[in-house]
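For reference, start.csv is printed below; it contains CSV, C-alpha atoms and all ligand atoms.
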chain,number,residue,atom,x,y,z
A,1,MET,CA,47.0,-47.5,36.7
A,2,ASP,CA,44.2,-49.1,38.6
A,3,HIS,CA,42.7,-45.9,40.0
A,4,TYR,CA,39.1,-44.9,39.4
A,5,PRO,CA,39.1,-41.5,37.6
A,6,SER,CA,37.8,-39.7,40.7
A,7,GLN,CA,40.4,-41.2,42.9
A,8,LEU,CA,43.0,-40.2,40.3
A,9,PHE,CA,42.1,-36.5,40.6
A,10,MET,CA,42.3,-36.7,44.4
A,11,ASP,CA,45.7,-38.3,44.2
A,12,ILE,CA,46.9,-35.5,41.9
A,13,ALA,CA,45.4,-32.9,44.2
A,14,ARG,CA,47.2,-34.3,47.2
A,15,CYS,CA,50.5,-35.0,45.4
A,16,ASP,CA,53.4,-32.8,46.5
A,17,GLU,CA,55.5,-33.5,43.4
A,18,TYR,CA,53.5,-31.0,41.3
A,19,SER,CA,52.8,-27.3,41.8
A,20,SER,CA,49.2,-26.1,42.1
A,21,GLU,CA,49.6,-24.5,38.6
A,22,ALA,CA,50.7,-27.8,37.2
A,23,LYS,CA,47.6,-29.5,38.7
A,24,ILE,CA,45.2,-26.9,37.4
A,25,GLU,CA,46.9,-27.1,34.0
A,26,TYR,CA,46.4,-30.8,34.0
A,27,LEU,CA,42.7,-30.6,34.8
A,28,THR,CA,42.2,-27.7,32.4
A,29,THR,CA,43.9,-29.7,29.6
A,30,LEU,CA,41.5,-32.6,30.3
A,31,LEU,CA,38.4,-30.4,30.2
A,32,ASN,CA,39.6,-28.6,27.1
A,33,SER,CA,40.2,-31.8,25.3
A,34,LEU,CA,36.6,-33.0,25.5
A,35,ASP,CA,34.4,-32.5,22.4
A,36,VAL,CA,31.5,-31.4,24.5
A,37,LEU,CA,30.5,-28.0,26.0
A,38,ILE,CA,31.4,-27.7,29.7
A,39,TYR,CA,30.5,-24.6,31.5
A,40,VAL,CA,30.0,-23.4,35.1
A,41,SER,CA,27.9,-20.5,36.2
A,42,ASP,CA,26.6,-19.0,39.4
A,43,LEU,CA,23.2,-20.4,40.4
A,44,GLU,CA,21.9,-17.0,41.5
A,45,THR,CA,23.7,-14.4,39.4
A,46,TYR,CA,24.2,-16.5,36.3
A,47,GLU,CA,27.7,-15.3,36.1
A,48,LEU,CA,29.9,-17.5,33.9
A,49,LEU,CA,32.8,-19.0,35.9
A,50,PHE,CA,34.2,-21.4,33.3
A,51,VAL,CA,33.8,-22.3,29.7
A,52,ASN,CA,35.9,-25.0,28.1
A,53,ASP,CA,37.7,-24.7,24.7
A,54,TYR,CA,34.9,-26.5,22.9
A,55,GLY,CA,32.4,-23.9,24.2
A,56,GLN,CA,34.7,-21.0,23.2
A,57,LYS,CA,35.3,-22.4,19.7
A,58,THR,CA,31.5,-22.7,19.3
A,59,TRP,CA,30.2,-19.6,21.0
A,60,GLY,CA,33.4,-17.4,20.9
A,61,LYS,CA,35.4,-15.9,23.8
A,62,PRO,CA,33.0,-14.9,26.6
A,63,GLN,CA,32.7,-11.1,26.2
A,64,VAL,CA,29.6,-11.0,28.5
A,65,LYS,CA,29.3,-11.9,32.1
A,66,GLN,CA,26.2,-14.1,32.2
A,67,CYS,CA,25.5,-17.5,30.7
A,68,PHE,CA,22.2,-16.6,29.1
A,69,GLU,CA,23.8,-13.7,27.1
A,70,TYR,CA,26.7,-15.9,26.1
A,71,LEU,CA,25.0,-19.1,25.1
A,72,GLN,CA,21.7,-17.8,23.6
A,73,ALA,CA,20.7,-15.4,20.8
A,74,GLY,CA,19.3,-12.0,21.9
A,75,GLN,CA,18.8,-13.2,25.5
A,76,HIS,CA,19.1,-10.4,28.0
A,77,GLN,CA,17.5,-12.0,31.0
A,78,PRO,CA,17.5,-15.5,32.5
A,79,CYS,CA,16.1,-18.0,30.0
A,80,SER,CA,12.5,-19.2,30.6
A,81,PHE,CA,13.8,-22.8,30.2
A,82,CYS,CA,16.7,-22.3,32.7
A,83,THR,CA,17.1,-25.5,34.8
A,84,ASN,CA,18.8,-23.8,37.8
A,85,LYS,CA,15.7,-24.2,40.0
A,86,LEU,CA,15.7,-27.9,39.4
A,87,LEU,CA,19.2,-28.6,40.5
A,88,LEU,CA,18.7,-28.0,44.3
A,89,ASP,CA,16.2,-29.7,46.6
A,90,ALA,CA,14.0,-27.8,49.2
A,91,GLU,CA,16.9,-27.9,51.7
A,92,GLY,CA,19.3,-26.4,49.1
A,93,LYS,CA,21.2,-29.7,48.5
A,94,PRO,CA,22.1,-30.9,45.0
A,95,LYS,CA,19.4,-33.1,43.5
A,96,GLY,CA,21.7,-35.0,41.0
A,97,VAL,CA,22.0,-34.8,37.3
A,98,HIS,CA,19.1,-33.3,35.3
A,99,VAL,CA,19.1,-34.5,31.7
A,100,TRP,CA,17.3,-32.6,28.9
A,101,GLU,CA,17.5,-31.8,25.2
A,102,PHE,CA,17.5,-28.4,23.7
A,103,GLN,CA,18.0,-26.6,20.3
A,104,ASN,CA,20.5,-23.8,20.8
A,105,THR,CA,19.3,-20.5,19.6
A,106,VAL,CA,22.7,-19.3,18.4
A,107,ASN,CA,23.7,-22.1,16.1
A,108,GLN,CA,20.4,-24.0,15.9
A,109,ARG,CA,22.2,-27.3,16.9
A,110,TRP,CA,20.6,-29.8,19.2
A,111,TYR,CA,22.3,-30.6,22.5
A,112,GLN,CA,21.7,-33.2,25.2
A,113,CYS,CA,22.4,-31.2,28.4
A,114,ARG,CA,23.4,-32.8,31.7
A,115,ASP,CA,23.1,-30.2,34.5
A,116,GLN,CA,23.9,-30.5,38.1
A,117,ALA,CA,24.8,-28.3,41.1
A,118,ILE,CA,28.3,-28.9,42.3
A,119,HIS,CA,30.5,-27.3,45.0
A,120,TRP,CA,32.7,-24.6,43.6
A,121,ILE,CA,36.2,-23.7,44.9
A,122,ASP,CA,34.8,-21.1,47.3
A,123,GLY,CA,32.2,-23.4,48.8
A,124,ARG,CA,29.0,-22.2,47.0
A,125,TYR,CA,26.9,-24.4,44.8
A,126,VAL,CA,27.2,-23.6,41.1
A,127,ARG,CA,25.7,-24.9,37.9
A,128,LEU,CA,27.8,-27.4,35.9
A,129,GLU,CA,26.5,-28.1,32.4
A,130,ILE,CA,27.9,-30.8,30.1
A,131,ALA,CA,26.2,-30.5,26.7
A,132,VAL,CA,26.7,-33.0,23.9
A,133,ASP,CA,25.9,-32.1,20.3
A,134,ILE,CA,23.2,-34.6,19.3
A,135,THR,CA,22.2,-32.8,16.0
A,136,VAL,CA,23.0,-35.8,13.8
A,137,ASN,CA,20.9,-38.1,16.0
A,138,LYS,CA,18.0,-35.5,15.9
A,139,GLU,CA,18.2,-35.3,12.1
A,140,LEU,CA,18.1,-39.1,11.9
A,141,GLU,CA,15.1,-39.2,14.3
A,142,GLN,CA,13.4,-36.6,12.1
A,143,LYS,CA,14.2,-38.6,8.9
A,144,LEU,CA,12.8,-41.7,10.6
A,145,ARG,CA,9.6,-39.9,11.7
A,146,ASP,CA,9.2,-38.5,8.1
A,147,ALA,CA,9.7,-42.0,6.6
A,148,LYS,CA,7.2,-43.5,9.0
A,149,GLN,CA,4.7,-40.8,8.2
A,150,LYS,CA,5.3,-41.3,4.4
A,151,ALA,CA,4.9,-45.1,4.8
A,152,GLU,CA,1.7,-44.6,6.8
A,153,THR,CA,0.3,-42.3,4.1
A,154,LEU,CA,1.3,-44.6,1.3
A,155,ALA,CA,-0.3,-47.6,3.1
A,156,ARG,CA,-3.6,-45.7,2.7
A,157,ILE,CA,-3.3,-44.7,-0.9
A,158,ASP,CA,-3.9,-46.7,-4.1
A,159,PRO,CA,-0.7,-46.1,-6.1
A,160,LEU,CA,-2.4,-46.2,-9.5
A,161,THR,CA,-5.2,-43.7,-9.0
A,162,ASN,CA,-3.9,-41.9,-5.9
A,163,ALA,CA,-7.4,-42.4,-4.3
A,164,TYR,CA,-7.6,-43.6,-0.7
A,165,ASN,CA,-7.8,-47.4,-0.4
A,166,ARG,CA,-10.0,-49.8,1.5
A,167,ARG,CA,-7.8,-49.5,4.7
A,168,ALA,CA,-8.3,-45.8,4.8
A,169,PHE,CA,-12.0,-46.3,4.2
A,170,PHE,CA,-12.4,-48.4,7.3
A,171,GLU,CA,-10.2,-46.1,9.4
A,172,ASN,CA,-12.1,-42.9,8.4
A,173,VAL,CA,-15.6,-43.6,7.3
A,174,PRO,CA,-17.1,-45.2,10.5
A,175,ARG,CA,-16.2,-42.0,12.4
A,176,ALA,CA,-17.7,-39.8,9.7
A,177,LEU,CA,-20.9,-41.8,9.8
A,178,GLU,CA,-21.1,-41.6,13.6
A,179,GLY,CA,-20.7,-37.8,13.3
A,180,ALA,CA,-23.4,-37.5,10.7
A,181,LEU,CA,-25.9,-39.6,12.7
A,182,ARG,CA,-25.1,-37.6,15.9
A,183,LYS,CA,-25.7,-34.3,14.0
A,184,VAL,CA,-28.6,-35.7,12.1
A,185,THR,CA,-27.2,-34.7,8.8
A,186,PRO,CA,-27.7,-36.8,5.6
A,187,PHE,CA,-24.9,-39.2,4.7
A,188,CYS,CA,-24.7,-41.2,1.5
A,189,LEU,CA,-22.5,-44.1,0.3
A,190,VAL,CA,-22.2,-44.8,-3.4
A,191,MET,CA,-20.7,-48.0,-4.8
A,192,VAL,CA,-19.3,-47.5,-8.3
A,193,ASP,CA,-18.2,-50.3,-10.6
A,194,ILE,CA,-17.0,-50.1,-14.2
A,195,ASP,CA,-19.1,-52.1,-16.7
A,196,HIS,CA,-17.4,-54.9,-18.6
A,197,PHE,CA,-14.0,-53.9,-17.4
A,198,LYS,CA,-12.5,-57.3,-17.9
A,199,GLN,CA,-13.5,-57.1,-21.6
A,200,LEU,CA,-11.9,-53.6,-21.9
A,201,ASN,CA,-8.7,-55.1,-20.5
A,202,ASP,CA,-8.9,-58.1,-22.8
A,203,VAL,CA,-9.6,-56.2,-25.9
A,204,TYR,CA,-7.5,-53.0,-25.5
A,205,GLY,CA,-4.9,-54.2,-23.0
A,206,HIS,CA,-4.1,-53.6,-19.4
A,207,ASN,CA,-2.6,-50.1,-20.0
A,208,ARG,CA,-5.9,-48.8,-21.4
A,209,GLY,CA,-7.6,-50.5,-18.4
A,210,ASP,CA,-5.3,-48.6,-16.0
A,211,GLU,CA,-6.0,-45.4,-18.0
A,212,ALA,CA,-9.8,-46.0,-17.6
A,213,LEU,CA,-9.3,-46.4,-13.8
A,214,THR,CA,-7.4,-43.1,-13.5
A,215,SER,CA,-9.7,-41.3,-15.8
A,216,LEU,CA,-12.8,-42.4,-13.8
A,217,ILE,CA,-11.3,-41.2,-10.5
A,218,GLU,CA,-10.3,-37.9,-12.1
A,219,ILE,CA,-13.8,-37.3,-13.3
A,220,MET,CA,-15.2,-38.2,-9.9
A,221,LYS,CA,-12.8,-35.8,-8.2
A,222,ILE,CA,-13.6,-33.0,-10.6
A,223,ASN,CA,-17.3,-33.3,-9.9
A,224,ALA,CA,-17.2,-34.0,-6.2
A,225,ARG,CA,-17.2,-31.4,-3.4
A,226,ALA,CA,-14.2,-30.9,-1.3
A,227,SER,CA,-15.9,-32.8,1.6
A,228,ASP,CA,-16.7,-35.9,-0.5
A,229,LEU,CA,-14.4,-38.8,0.1
A,230,LEU,CA,-13.3,-41.1,-2.7
A,231,TYR,CA,-11.9,-44.6,-2.2
A,232,ARG,CA,-10.7,-47.4,-4.6
A,233,PHE,CA,-11.9,-50.5,-3.0
A,234,GLY,CA,-9.9,-52.8,-5.4
A,235,GLY,CA,-10.1,-53.8,-9.1
A,236,ASP,CA,-12.7,-51.6,-10.8
A,237,GLU,CA,-14.7,-50.9,-7.7
A,238,PHE,CA,-14.9,-47.5,-6.1
A,239,VAL,CA,-16.8,-46.0,-3.2
A,240,MET,CA,-17.9,-42.4,-2.7
A,241,VAL,CA,-18.8,-41.1,0.7
A,242,LEU,CA,-20.9,-38.0,0.5
A,243,LEU,CA,-21.3,-36.0,3.7
A,244,ASP,CA,-24.3,-33.8,4.1
A,245,CYS,CA,-25.9,-35.2,1.0
A,246,THR,CA,-29.2,-37.0,0.3
A,247,ASP,CA,-29.5,-39.9,-2.2
A,248,GLU,CA,-31.2,-37.5,-4.6
A,249,GLN,CA,-28.3,-35.1,-4.4
A,250,ALA,CA,-26.0,-38.1,-4.8
A,251,ALA,CA,-27.9,-38.9,-8.0
A,252,GLU,CA,-27.2,-35.3,-9.3
A,253,LEU,CA,-23.4,-35.8,-8.6
A,254,ILE,CA,-23.5,-39.2,-10.4
A,255,HIS,CA,-25.2,-37.6,-13.3
A,256,ARG,CA,-22.4,-35.1,-13.7
A,257,ILE,CA,-19.9,-38.0,-13.5
A,258,ARG,CA,-21.7,-39.9,-16.2
A,259,VAL,CA,-21.8,-36.8,-18.4
A,260,GLY,CA,-18.0,-36.5,-17.7
A,261,LEU,CA,-17.5,-40.1,-18.7
A,262,THR,CA,-19.4,-39.6,-22.0
A,263,ALA,CA,-17.3,-36.5,-22.8
A,264,SER,CA,-14.0,-38.2,-22.1
A,265,PRO,CA,-13.6,-41.5,-23.9
A,266,ILE,CA,-10.4,-43.5,-23.5
A,267,ARG,CA,-8.4,-43.3,-26.8
A,268,SER,CA,-6.9,-46.5,-28.2
A,269,GLY,CA,-5.4,-45.8,-31.6
A,270,SER,CA,-8.2,-44.5,-33.7
A,271,THR,CA,-10.9,-46.0,-31.4
A,272,ASN,CA,-12.7,-44.1,-28.7
A,273,ILE,CA,-13.6,-46.4,-25.8
A,274,LEU,CA,-16.7,-45.2,-24.0
A,275,LEU,CA,-16.6,-46.0,-20.3
A,276,THR,CA,-19.8,-46.7,-18.5
A,277,CYS,CA,-20.3,-47.5,-14.8
A,278,SER,CA,-23.1,-48.9,-12.6
A,279,PHE,CA,-23.9,-47.0,-9.4
A,280,GLY,CA,-25.6,-48.1,-6.2
A,281,VAL,CA,-26.6,-45.5,-3.6
A,282,SER,CA,-27.6,-45.9,0.0
A,283,GLN,CA,-28.5,-43.1,2.4
A,284,ALA,CA,-28.0,-43.5,6.1
A,285,ARG,CA,-30.9,-44.0,8.5
A,286,PRO,CA,-30.6,-43.5,12.3
A,287,ASP,CA,-29.8,-47.2,12.8
A,288,SER,CA,-27.4,-47.5,9.9
A,289,THR,CA,-23.9,-48.9,10.2
A,290,ILE,CA,-21.1,-48.9,7.7
A,291,GLU,CA,-21.7,-52.6,7.1
A,292,SER,CA,-25.4,-52.1,6.5
A,293,LEU,CA,-24.8,-49.1,4.2
A,294,MET,CA,-22.3,-51.0,2.2
A,295,HIS,CA,-24.6,-54.0,1.9
A,296,GLU,CA,-27.4,-51.8,0.7
A,297,ALA,CA,-25.3,-49.9,-1.8
A,298,ASP,CA,-23.9,-53.2,-3.1
A,299,GLU,CA,-27.4,-54.6,-3.5
A,300,ALA,CA,-28.5,-51.5,-5.4
A,301,LEU,CA,-25.4,-51.7,-7.6
A,302,TYR,CA,-25.9,-55.3,-8.5
A,303,ALA,CA,-29.6,-54.8,-9.2
A,304,GLY,CA,-28.4,-52.2,-11.8
A,305,LYS,CA,-25.7,-54.7,-13.1
A,306,SER,CA,-28.2,-57.5,-13.5
A,307,GLU,CA,-30.7,-55.2,-15.3
A,308,GLY,CA,-28.2,-54.4,-18.0
A,309,ARG,CA,-25.5,-52.0,-16.4
A,310,ASP,CA,-24.9,-48.3,-17.1
A,311,ARG,CA,-27.4,-47.2,-14.5
A,312,VAL,CA,-27.9,-45.6,-11.1
A,313,LYS,CA,-30.0,-47.3,-8.4
A,314,LEU,CA,-31.1,-45.9,-5.1
A,315,TYR,CA,-31.4,-48.6,-2.5
A,316,ARG,CA,-34.4,-46.8,-1.1
A,317,ASN,CA,-36.7,-47.9,-3.9
A,318,LEU,CA,-34.3,-49.9,-6.2
A,319,LYS,CA,-35.8,-47.8,-9.1
A,320,ASN,CA,-33.5,-46.6,-11.8
A,321,VAL,CA,-32.6,-43.0,-11.7
A,322,ARG,CA,-32.4,-41.9,-15.3
A,323,LEU,CA,-30.0,-39.3,-16.5
A,324,GLU,CA,-32.9,-37.0,-17.4
A,325,ASP,CA,-34.4,-37.4,-13.9
A,326,THR,CA,-31.4,-35.7,-12.4
A,327,LEU,CA,-31.2,-32.8,-14.9
B,1,LIG,N1,-6.1,-52.7,-16.0
B,1,LIG,C1,-6.4,-53.1,-14.7
B,1,LIG,N2,-7.3,-54.1,-14.5
B,1,LIG,C2,-7.5,-54.5,-13.3
B,1,LIG,C3,-6.9,-53.9,-12.1
B,1,LIG,N3,-7.4,-54.5,-11.0
B,1,LIG,C4,-8.3,-55.4,-11.4
B,1,LIG,N4,-8.4,-55.4,-12.8
B,1,LIG,C5,-9.2,-56.2,-13.6
B,1,LIG,O1,-10.6,-55.7,-13.5
B,1,LIG,C6,-11.4,-56.8,-14.0
B,1,LIG,C7,-12.7,-56.8,-13.2
B,1,LIG,O2,-13.6,-57.6,-13.8
B,1,LIG,P1,-14.9,-58.2,-13.2
B,1,LIG,O3,-14.9,-58.0,-11.8
B,1,LIG,O4,-15.1,-59.5,-13.8
B,1,LIG,O5,-16.0,-57.2,-13.7
B,1,LIG,P2,-16.4,-56.6,-15.1
B,1,LIG,O6,-15.7,-57.2,-16.3
B,1,LIG,O7,-16.3,-55.1,-15.0
B,1,LIG,O8,-17.9,-57.0,-15.2
B,1,LIG,P3,-19.1,-56.3,-14.6
B,1,LIG,O9,-18.7,-55.6,-13.4
B,1,LIG,O10,-20.1,-57.4,-14.3
B,1,LIG,O11,-19.6,-55.4,-15.6
B,1,LIG,C8,-10.6,-58.1,-14.0
B,1,LIG,O12,-10.3,-58.5,-15.3
B,1,LIG,C9,-9.3,-57.7,-13.3
B,1,LIG,O13,-8.2,-58.3,-13.8
B,1,LIG,C10,-6.0,-52.8,-12.4
B,1,LIG,O14,-5.4,-52.3,-11.5
B,1,LIG,N5,-5.7,-52.5,-13.7

Would you write out, as C-alpha cells, the structure that this file holds?
Ligand SMILES: Nc1nc2c(ncn2[C@@H]2O[C@H](COP(=O)(O)OP(=O)(O)OP(=O)(O)O)[C@@H](O)[C@H]2O)c(=O)[nH]1
Amino acid sequence: MDHYPSQLFMDIARCDEYSSEAKIEYLTTLLNSLDVLIYVSDLETYELLFVNDYGQKTWGKPQVKQCFEYLQAGQHQPCSFCTNKLLLDAEGKPKGVHVWEFQNTVNQRWYQCRDQAIHWIDGRYVRLEIAVDITVNKELEQKLRDAKQKAETLARIDPLTNAYNRRAFFENVPRALEGALRKVTPFCLVMVDIDHFKQLNDVYGHNRGDEALTSLIEIMKINARASDLLYRFGGDEFVMVLLDCTDEQAAELIHRIRVGLTASPIRSGSTNILLTCSFGVSQARPDSTIESLMHEADEALYAGKSEGRDRVKLYRNLKNVRLEDTL
C-alpha cells in the first residue's frame, strides 16, 4: 500500500464498501492499540469526549465528566497548568502542537504531552492530547544528574581524609576572601605541614602515615568552628581558612590542635608516635589576594621549619608563637 497514513483514513472514510460502524470500529481499534494516552476534551467546558483503552486501563473508566477530575488527583476545577489557552491563536485558530512534560498526580508517572486543537465531528475545536509515558527516561535523567553531582563532589574531596582538596580551595576561597575584604572582617590563612613525615612513613610504614594524615584532619575538625574551612593541599600539607578570625585567634585554635596532637599519638605496636606540625599564619590586609596570603603563610611556615619545626609563626612578625603565649 503506497498511501500516506492520512490519505489512508480519507480513503476509508469515502469507501462505500464498509458501513460507518465498520469505519468507526477500524479507527477505534487503531487508537485503542496504541500504548499512549489519547484523549479528547472540550476546550471550554473540559468535558471528556474520548479516552482510549490505554487511558482507561491507567485511569479507570471515566465516571466523571471533566478531564481534570478524571486525570488528576483531587482536582475539582481546571488545572492551573492546563494548556487549553495555548492551543488557539488570537483569531481562535489552532496554533499547532504544544509539547510539554508533566508528572501525573494520580500515578506519579512522567508523561510527555503533545496537545493540539483539532476539529471535532460537530465542527467545534477540541483539545486532543497524546501523552507518552517517559518515566523510565526521567529516572535515567535523574540518575545521570545524581551521578554527575556525586562525581563533582568527589572531584573536590580528598579520598583519604575526606577534607576538601586544592581544586575546591581555588573554587571557594577567593570568593570568601573577597567577601571578608568587602565586609572588613578579619580573614586568616594557615598552612600546616607535618614534621618529618617522610621519616614516619619510612620507619613505620605508609599505613601509619595515612593514619597520621587522617588523625591530623580529625583533630583540626574537632577544634575548628563550623565556619572554618579545611583543605588538604597534597602530601602532608593542609590549609585552614579561618573566617572572621585574626592571626592571634588563629594561634589559639592552633594551640588547641597541638594539644590534641600531643594527646593522640599514633600507635604502632607498642610505640606511640607523636605527631608534630609546623604552622604558618597570614592575616588578610585590604590589598591581599589569595596568592599573596598563601605566599606569606608559606614563608611563615618555612621560617618555622628552618628554625627546627614544631612551631607556629605569624607572618606579621615572623616571631614564634609559643604554646604558653596562647594559653
Ligand atoms: N602515607 C602517606 N604518605 C604520603 C602521602 N602523600 C605524600 N606522602 C609522603 O609525604 C612525604 C612528604 O615528605 P616531605 O615533603 O619531604 O616532608 P617531611 O618529611 O615532612 O619533611 P619536613 O616537612 O621538612 O618536616 C613524602 O615521603 C611522601 O611520599 C599519603 O597520602 N600517604

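Shortest separation to A:Leu230 among A:Asp210, A:Tyr164, A:Cys245, A:Pro186 occurs at residue A:Tyr164, atoms counted being only C-alpha atoms.
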
Which residues of chain A come within 8 Å of ligand LIG 1 (chain B), and what is each one's closest atom pair and distance in Å (one decimal), counting only C-alpha atoms and all ligand atoms, sorted by chain and residue number, as CSV?
residue,atom,partner,partner_atom,distance
A:Leu160,CA,B:LIG1,O14,7.1
A:Asp193,CA,B:LIG1,O9,6.0
A:Ile194,CA,B:LIG1,O7,5.1
A:Asp195,CA,B:LIG1,O11,3.5
A:His196,CA,B:LIG1,O6,3.7
A:Phe197,CA,B:LIG1,O7,3.5
A:Lys198,CA,B:LIG1,O6,3.6
A:Gln199,CA,B:LIG1,O6,5.7
A:Leu200,CA,B:LIG1,O6,7.7
A:Asn201,CA,B:LIG1,N1,5.7
A:Asp202,CA,B:LIG1,O12,7.6
A:Gly205,CA,B:LIG1,N1,7.3
A:His206,CA,B:LIG1,N1,4.0
A:Asn207,CA,B:LIG1,N1,5.9
A:Arg208,CA,B:LIG1,N1,6.7
A:Gly209,CA,B:LIG1,N1,3.6
A:Asp210,CA,B:LIG1,N1,4.2
A:Glu211,CA,B:LIG1,N1,7.6
A:Ala212,CA,B:LIG1,N1,7.8
A:Leu213,CA,B:LIG1,N5,7.1
A:Gly234,CA,B:LIG1,N3,6.4
A:Gly235,CA,B:LIG1,C4,3.3
A:Asp236,CA,B:LIG1,O1,5.3
A:Cys277,CA,B:LIG1,O11,8.0
A:Ser278,CA,B:LIG1,O11,8.0
A:Lys305,CA,B:LIG1,O10,6.3
A:Arg309,CA,B:LIG1,O11,6.9

Compile the contact shell of A:Pro62 as a PyMOL selection string: residues with an atom at most 12 Å away, counting all atoms listed in the file, same-chain residues fewer than 2 positions apart removed. chain A and resi 39+47-53+55-60+64-71

Got a sec to check which residues sit within 10 Å of (19.7, -28.0, 18.4), counting only C-alpha atoms, and write them as a list in words? Glu101, Phe102, Gln103, Asn104, Thr105, Val106, Asn107, Gln108, Arg109, Trp110, Tyr111, Gln112, Asp133, Ile134, Thr135, Val136, Lys138 and Glu139 of chain A

Once you count all atoms listed in the file, what closest atom pair and distance in Å to one decimal does each residue of stretch 159-205 of chain A within 10 Å of stretch 246-255 of chain A have, with rows by chain and rising residue number, as a Markdown table?
| residue | atom | partner | partner_atom | distance |
| --- | --- | --- | --- | --- |
| A:Thr185 | CA | A:Thr246 | CA | 9.0 |
| A:Pro186 | CA | A:Thr246 | CA | 5.5 |
| A:Phe187 | CA | A:Thr246 | CA | 6.5 |
| A:Cys188 | CA | A:Asp247 | CA | 6.2 |
| A:Leu189 | CA | A:Asp247 | CA | 8.5 |
| A:Val190 | CA | A:Ala250 | CA | 7.8 |
| A:Val192 | CA | A:Ile254 | CA | 9.5 |

Which residues, written as a PDB file with C-alpha atoms, in the coordinates of the input, have at least one atom at most 12 Å from A:Ser227, with all atoms listed in the file counted and residues fewer than 4 positions away on the same chain left out?
ATOM      1  CA  ALA A 176     -17.700 -39.800   9.700  1.00  0.00           C
ATOM      2  CA  PHE A 187     -24.900 -39.200   4.700  1.00  0.00           C
ATOM      3  CA  LYS A 221     -12.800 -35.800  -8.200  1.00  0.00           C
ATOM      4  CA  ASN A 223     -17.300 -33.300  -9.900  1.00  0.00           C
ATOM      5  CA  MET A 240     -17.900 -42.400  -2.700  1.00  0.00           C
ATOM      6  CA  VAL A 241     -18.800 -41.100   0.700  1.00  0.00           C
ATOM      7  CA  LEU A 242     -20.900 -38.000   0.500  1.00  0.00           C
ATOM      8  CA  LEU A 243     -21.300 -36.000   3.700  1.00  0.00           C
ATOM      9  CA  ASP A 244     -24.300 -33.800   4.100  1.00  0.00           C
ATOM     10  CA  CYS A 245     -25.900 -35.200   1.000  1.00  0.00           C
TER      11      CYS A 245
END

Which residue gives the smallest distance to A:Val97 among A:Arg258, A:Arg267, A:Arg127, A:Lys143, with all atoms listed in the file counted? A:Arg127

Have a look at atom CA of A:Lys95 and atom CA of A:Val36 and let me know their distance in Å, one decimal.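 So the two atoms, atom CA of A:Lys95 and atom CA of A:Val36, lie 22.6 Å apart.
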
Could you pull the residues within 10 Å of stretch 22-26 of chain A, counting all atoms listed in the file, minus those fewer than 6 positions along the same chain, as a count of residues only? 6

Compute the distance from (-24.6, -47.7, -5.4) to each atom, counting only C-alpha atoms, keep the residues with any atom at most 8 Å away, and return them as a list in words; use the coordinates of the file. Leu189, Val190, Met191, Val192, Ser278, Phe279, Gly280, Val281, Ser282, Glu296, Ala297, Asp298, Glu299, Ala300, Leu301, Val312, Lys313, Leu314 and Tyr315 of chain A

Saved selection, atoms kept: C-alpha atoms, as a PDB file, in the frame of the given file:
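Writing the result to selection_23.pdb gives the following:
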ATOM      1  CA  LEU A 189     -22.500 -44.100   0.300  1.00  0.00           C
ATOM      2  CA  VAL A 190     -22.200 -44.800  -3.400  1.00  0.00           C
ATOM      3  CA  MET A 191     -20.700 -48.000  -4.800  1.00  0.00           C
ATOM      4  CA  VAL A 192     -19.300 -47.500  -8.300  1.00  0.00           C
ATOM      5  CA  SER A 278     -23.100 -48.900 -12.600  1.00  0.00           C
ATOM      6  CA  PHE A 279     -23.900 -47.000  -9.400  1.00  0.00           C
ATOM      7  CA  GLY A 280     -25.600 -48.100  -6.200  1.00  0.00           C
ATOM      8  CA  VAL A 281     -26.600 -45.500  -3.600  1.00  0.00           C
ATOM      9  CA  SER A 282     -27.600 -45.900   0.000  1.00  0.00           C
ATOM     10  CA  GLU A 296     -27.400 -51.800   0.700  1.00  0.00           C
ATOM     11  CA  ALA A 297     -25.300 -49.900  -1.800  1.00  0.00           C
ATOM     12  CA  ASP A 298     -23.900 -53.200  -3.100  1.00  0.00           C
ATOM     13  CA  GLU A 299     -27.400 -54.600  -3.500  1.00  0.00           C
ATOM     14  CA  ALA A 300     -28.500 -51.500  -5.400  1.00  0.00           C
ATOM     15  CA  LEU A 301     -25.400 -51.700  -7.600  1.00  0.00           C
ATOM     16  CA  VAL A 312     -27.900 -45.600 -11.100  1.00  0.00           C
ATOM     17  CA  LYS A 313     -30.000 -47.300  -8.400  1.00  0.00           C
ATOM     18  CA  LEU A 314     -31.100 -45.900  -5.100  1.00  0.00           C
ATOM     19  CA  TYR A 315     -31.400 -48.600  -2.500  1.00  0.00           C
TER      20      TYR A 315
END

Residue with the minimum atom-to-atom distance to A:Ala131, picked from A:Leu88, A:Val184, A:Asn272, A:Asp35 with only C-alpha atoms counted, is A:Asp35

Nearest to A:Thr214 by atom-to-atom distance, counting all atoms listed in the file, from A:Gly92, A:Gly304, A:Pro159, A:Gly74: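 That would be A:Pro159, the residue with the smallest distance to A:Thr214.
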
Taking all atoms listed in the file into account, which of A:Ile118, A:Arg156, A:Pro94, A:Leu181 comes nearest A:Pro286? A:Leu181
